[in-house]
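Student: Take a look at the following structure, please.
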Amino acid sequence: MRLLVTGGCGFIGSNFIRHLLTTDSALSITNLDKLTYAGNPENLADLAASQSSRYEFVHGDIVDRSLVESVITPGRFDAVIHFAAESHVDRSILDSGPFIQTNIVGTQVLLDASRKANIGRYVQVSTDEVYGSLGPTGLFTEETPLAPNSPYSASKAASDMLVRSYVHTFGFPAIITRCSNNYGPYQFPEKVLPLFVSNALADLPLPLYGAGLNVRDWIHVVDHCRGIEAAWRKGQPGEVYNFGGGCELTNVELTHRLLDAVGKPRSLIRFVTDRPGHDLRYAIDYSKAQRELGWSPQISFDAGLRDTIAWYQSHSDWVARIKSGAYRNYYAEQYGTRLASKPAAP
Ligand code: NAD
Ligand code: DAU
């Protein structure tokens, strides 16, 4: 069995490739990745060396039609698992251009090439953010109407709609998965959890948006990877499957939990200007995945957080290399003036 994975040098894609190559010896994987600021071949360097007969890397852009068509040739892959995306909401607010190109045009190119090559199964890795924002109660189901609020989520919803249209119009065998907030090893430290863990370990301020009362549902990345694998192996073409961790926390609760876990004071928190259009709450009903795929999350937040913190502690070089590059310009643009505010009371 041979898979094409796009975006496999990013956070979830690299965990997915690691998960499959270490649990299924009959699989071979080709990873197509542009290596944007978020793509890091270091994430898979050990597997690239130890599994060289089962792992192939292709450096390329999913927007590049001729390149994609030269990779996805008839008979070469049994399935395509599509992770590649611009994935950070705050960057989409600074500049939505790359999100439209990669997330929408790139998905269209991949769908066309996959259809042309008669690919037997295509999985679109999407997000709960396409459903918009919840009030204090209720859960997103697969039937919740799409109501994206950020340029990022709008571009993901547009790509989901393209996938839907290829299923409906061409009978293309695609499945869409929608998951809540992931955390775990290899997450780029622009997302809140690795940003706050790495800042706290370095005694740097933690910039909490608004009053810190927005709610996210946290799932360990390995549980998400198991869900995508189940959708690929057992899901029905044309169906959508939600995944979540069943662990809702306000951002302030999350921050307190991680500060306690690393043994750092709450005085590191800085309440800063809110994210424009900040979605209040995400929460997932994943009963369809439980029922139809036999999937449920296995890793408790306490155990997952402990392991994730230990991973960042033992990979301080990985963090330092990222934080020393172009990341500094992004950090200055995103947080420079906001962090001038006063610290929170301990
Ligand atoms: P990430 O930003 O860590 O990684 C994205 C990867 O895609 C990088 O390796 C990057 O180099 C690659 N890429 C970007 N543009 C490309 C292009 N034009 N051509 C080829 N490769 C390109 O993202 P992530 O957090 O791992 O998210 C992966 C997928 O999962 C995304 O589609 C995202 O929308 C979705 N998702 C993420 C979360 C989350 O919590 N992180 C939750 C649900 C769904
Ligand atoms: O829900 C799934 C989505 O989760 C994925 O589709 C996205 O790719 C992923 O980035 C994530 O989106 P969020 O916007 O929820 O994640 P982020 O880590 O950026 O922010 C989580 C919460 O923390 C959110 O309420 C904003 C807040 N936050 C974030 C940052 C970066 C802060 O308070 N301060 C920060 O510096």
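Labels used: A, B, ... for chains in the order of the structure tokens, numbers from 1 for residues in each chain, and numbers from 1 for ligands as shown.
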Neighbouring residues of ligand 2 are defined here as those with any atom at most 9 Å from a ligand atom, counting only C-alpha atoms and all ligand atoms; list them as a PyMOL selection string.
Tutor: chain A and resi 85-90+126-130+152-153+156+178-183+189-196+206-218+250-252+254-255+271-272+274-275+278-283+334-335
Student: Please report, as CSV, each residue of chain A lying at most 6 Å from ligand 1, together with the nearest pair of atoms and the separation in Å rounded to one decimal; use only C-alpha atoms and all ligand atoms, and order rows by chain and ascending residue number.
Tutor:
residue,atom,partner,partner_atom_place_in_ligand_line,distance
A:Gly7,CA,ligand 1,7 (O),3.5
A:Gly8,CA,ligand 1,9 (O),5.5
A:Cys9,CA,ligand 1,9 (O),3.9
A:Gly10,CA,ligand 1,9 (O),3.3
A:Phe11,CA,ligand 1,26 (O),3.7
A:Ile12,CA,ligand 1,26 (O),3.7
A:Gly13,CA,ligand 1,26 (O),5.4
A:Asp33,CA,ligand 1,21 (N),3.7
A:Lys34,CA,ligand 1,20 (C),3.9
A:Leu35,CA,ligand 1,11 (O),3.6
A:Thr36,CA,ligand 1,11 (O),4.0
A:Ala38,CA,ligand 1,8 (C),4.8
A:Gly39,CA,ligand 1,9 (O),3.2
A:Gly60,CA,ligand 1,20 (C),5.8
A:Asp61,CA,ligand 1,19 (N),3.6
A:Ile62,CA,ligand 1,19 (N),4.0
A:Val63,CA,ligand 1,18 (N),5.6
A:Phe83,CA,ligand 1,29 (C),4.2
A:Ala84,CA,ligand 1,7 (O),3.5
A:Ala85,CA,ligand 1,14 (C),4.5
A:Glu86,CA,ligand 1,14 (C),5.2
A:Ser87,CA,ligand 1,2 (O),4.7
A:Thr102,CA,ligand 1,18 (N),4.4
A:Val125,CA,ligand 1,32 (O),5.3
A:Ser126,CA,ligand 1,44 (C),4.8
A:Thr127,CA,ligand 1,44 (C),4.0
A:Cys179,CA,ligand 1,43 (C),4.4
A:Ser180,CA,ligand 1,42 (C),5.2
A:Asn181,CA,ligand 1,40 (O),3.8
A:Asn182,CA,ligand 1,40 (O),3.8
A:Phe188,CA,ligand 1,3 (O),6.0
Student: Would you please work out which residue, of A:Asn199, A:Asn40, A:Ser316, A:Gln51, is nearest to Arg270 of chain A when using only C-alpha atoms?
Tutor: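 Ranked by minimum distance to Arg270 of chain A, first place goes to A:Asn199.
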Student: Expressed in Å to a single decimal, how great is the separation between atom CA of Ser267 of chain A and atom CA of Asn329 of chain A?
Tutor: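 About the pair atom CA of Ser267 of chain A and atom CA of Asn329 of chain A: they are 25.4 Å apart.
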Student: Hey, what's within 12 Å of segment 171-174 of chain A if we count only C-alpha atoms and toss same-chain stuff fewer than 3 positions away? As a VMD selection string, please?
Tutor: chain A and resid 78 to 82 110 to 125 160 to 168 177 231 to 232 235 to 241
Student: So that I can check the surroundings of Phe301 of chain A, please list as a PyMOL selection string every protein, DNA and RNA residue that reaches within 9 Å of it, counting only C-alpha atoms and ignoring chain neighbours fewer than 4 positions away.
Tutor: chain A and resi 218-220+245+247+305-306
Student: Emit the selected residues as a JSON list (two decimals), in the first residue's frame, including N, CA, C and O atoms.
Tutor:
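Wrote again12.json, looks like this:
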[["chain", "number", "residue", "atom", "x", "y", "z"],
["A", 218, "TRP", "N", -9.28, 20.43, 23.45],
["A", 218, "TRP", "CA", -7.90, 19.98, 23.20],
["A", 218, "TRP", "C", -7.82, 18.48, 22.97],
["A", 218, "TRP", "O", -8.34, 17.69, 23.74],
["A", 219, "ILE", "N", -7.12, 18.12, 21.89],
["A", 219, "ILE", "CA", -6.93, 16.71, 21.55],
["A", 219, "ILE", "C", -5.45, 16.46, 21.26],
["A", 219, "ILE", "O", -4.80, 17.29, 20.60],
["A", 220, "HIS", "N", -4.93, 15.34, 21.77],
["A", 220, "HIS", "CA", -3.52, 15.01, 21.47],
["A", 220, "HIS", "C", -3.40, 14.63, 20.00],
["A", 220, "HIS", "O", -4.26, 13.93, 19.45],
["A", 245, "GLY", "N", -11.33, 16.06, 21.48],
["A", 245, "GLY", "CA", -10.69, 15.45, 22.64],
["A", 245, "GLY", "C", -11.60, 15.37, 23.85],
["A", 245, "GLY", "O", -11.23, 14.79, 24.87],
["A", 247, "CYS", "N", -12.22, 17.74, 25.80],
["A", 247, "CYS", "CA", -11.50, 18.46, 26.86],
["A", 247, "CYS", "C", -11.59, 19.96, 26.61],
["A", 247, "CYS", "O", -10.69, 20.56, 26.04],
["A", 305, "LEU", "N", -0.35, 16.55, 28.20],
["A", 305, "LEU", "CA", 0.34, 17.81, 28.47],
["A", 305, "LEU", "C", 1.71, 17.54, 29.10],
["A", 305, "LEU", "O", 2.72, 18.15, 28.73],
["A", 306, "ARG", "N", 1.73, 16.58, 30.05],
["A", 306, "ARG", "CA", 3.00, 16.24, 30.71],
["A", 306, "ARG", "C", 4.03, 15.77, 29.67],
["A", 306, "ARG", "O", 5.16, 16.26, 29.64]]
Student: How far is it from atom CA of Ala26 of chain A to atom CA of Ala48 of chain A, in Å with one decimal?
Tutor: 16.4 Å
Student: Which residues are near Asn31 of chain A? Cut-off 9 Å, only C-alpha atoms, ignore same chain within fewer than 6 positions. Put them as a short mmCIF file (atom, residue, chain, number, x, y, z; two decimals) with C-alpha atoms, in the first residue's frame.
Tutor:
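Okay, this is what ended up in result_0.cif:
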data_model
loop_
_atom_site.label_atom_id
_atom_site.label_comp_id
_atom_site.auth_asym_id
_atom_site.auth_seq_id
_atom_site.Cartn_x
_atom_site.Cartn_y
_atom_site.Cartn_z
CA LEU A 3 0.15 6.76 0.31
CA LEU A 4 0.73 10.33 -0.79
CA VAL A 5 0.75 12.67 2.21
CA THR A 6 0.83 16.42 1.58
CA GLY A 7 2.26 18.77 4.20
CA GLY A 8 4.06 15.93 5.97
CA CYS A 9 6.83 18.17 7.31
CA GLY A 13 1.52 15.59 8.96
CA ILE A 17 3.75 9.78 8.95
CA TYR A 55 9.69 6.98 2.89
CA GLU A 56 10.19 9.42 0.03
CA PHE A 57 10.25 13.21 0.20
CA VAL A 58 9.25 15.45 -2.70
CA HIS A 59 9.91 19.15 -2.27
#
Student: Output as CSV one row per residue of segment 153-256 of chain A within 9 Å of segment 18-21 of chain A: the closest atom pair and its distance in Å to one decimal place, counting only C-alpha atoms, sorted by chain and residue number ascending.
Tutor:
residue,atom,partner,partner_atom,distance
A:Val222,CA,A:His19,CA,7.4
A:Cys225,CA,A:His19,CA,7.3
A:Arg226,CA,A:His19,CA,8.1
A:Glu229,CA,A:Leu20,CA,8.2
Student: Just give me the gap between atom CA of Leu134 of chain A and atom CA of Lys288 of chain A in Å, one decimal is fine.
Tutor: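 Between atom CA of Leu134 of chain A and atom CA of Lys288 of chain A the gap works out to 19.4 Å.
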Student: So which bits of segment 83-197 of chain A end up alpha helix (DSSP H) when you DSSP the backbone, as number ranges by chain?
Tutor: A: 89-94, 97-99, 107-116, 151-170, 192-197
Student: With only C-alpha atoms as the basis for distance, which of A:Ile228, A:Val109, A:Ile284, A:Ala289 is at the shortest distance from Gly138 of chain A?
Tutor: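 Using only C-alpha atoms, the shortest distance to Gly138 of chain A belongs to A:Ile284.
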Student: Tell me, as a PyMOL selection string, which residues lie within 7 Å of Asn149 of chain A, counting only C-alpha atoms; anything in the same chain fewer than 3 positions away does not count.
Tutor: chain A and resi 132+153-154+277
Student: I need the chosen residues saved as a short mmCIF file (atom, residue, chain, number, x, y, z; two decimals), in the first residue's frame, with N, CA and C atoms.
Tutor:
data_model
loop_
_atom_site.label_atom_id
_atom_site.label_comp_id
_atom_site.auth_asym_id
_atom_site.auth_seq_id
_atom_site.Cartn_x
_atom_site.Cartn_y
_atom_site.Cartn_z
N GLY A 132 -17.60 27.75 12.53
CA GLY A 132 -17.79 29.06 13.16
C GLY A 132 -17.62 28.98 14.66
N SER A 153 -10.24 30.09 8.35
CA SER A 153 -11.34 29.12 8.34
C SER A 153 -12.19 29.25 7.08
N ALA A 154 -12.26 30.47 6.53
CA ALA A 154 -13.00 30.64 5.27
C ALA A 154 -12.31 29.88 4.15
N GLY A 277 -12.21 39.37 15.63
CA GLY A 277 -13.16 38.32 15.22
C GLY A 277 -12.97 37.00 15.96
#
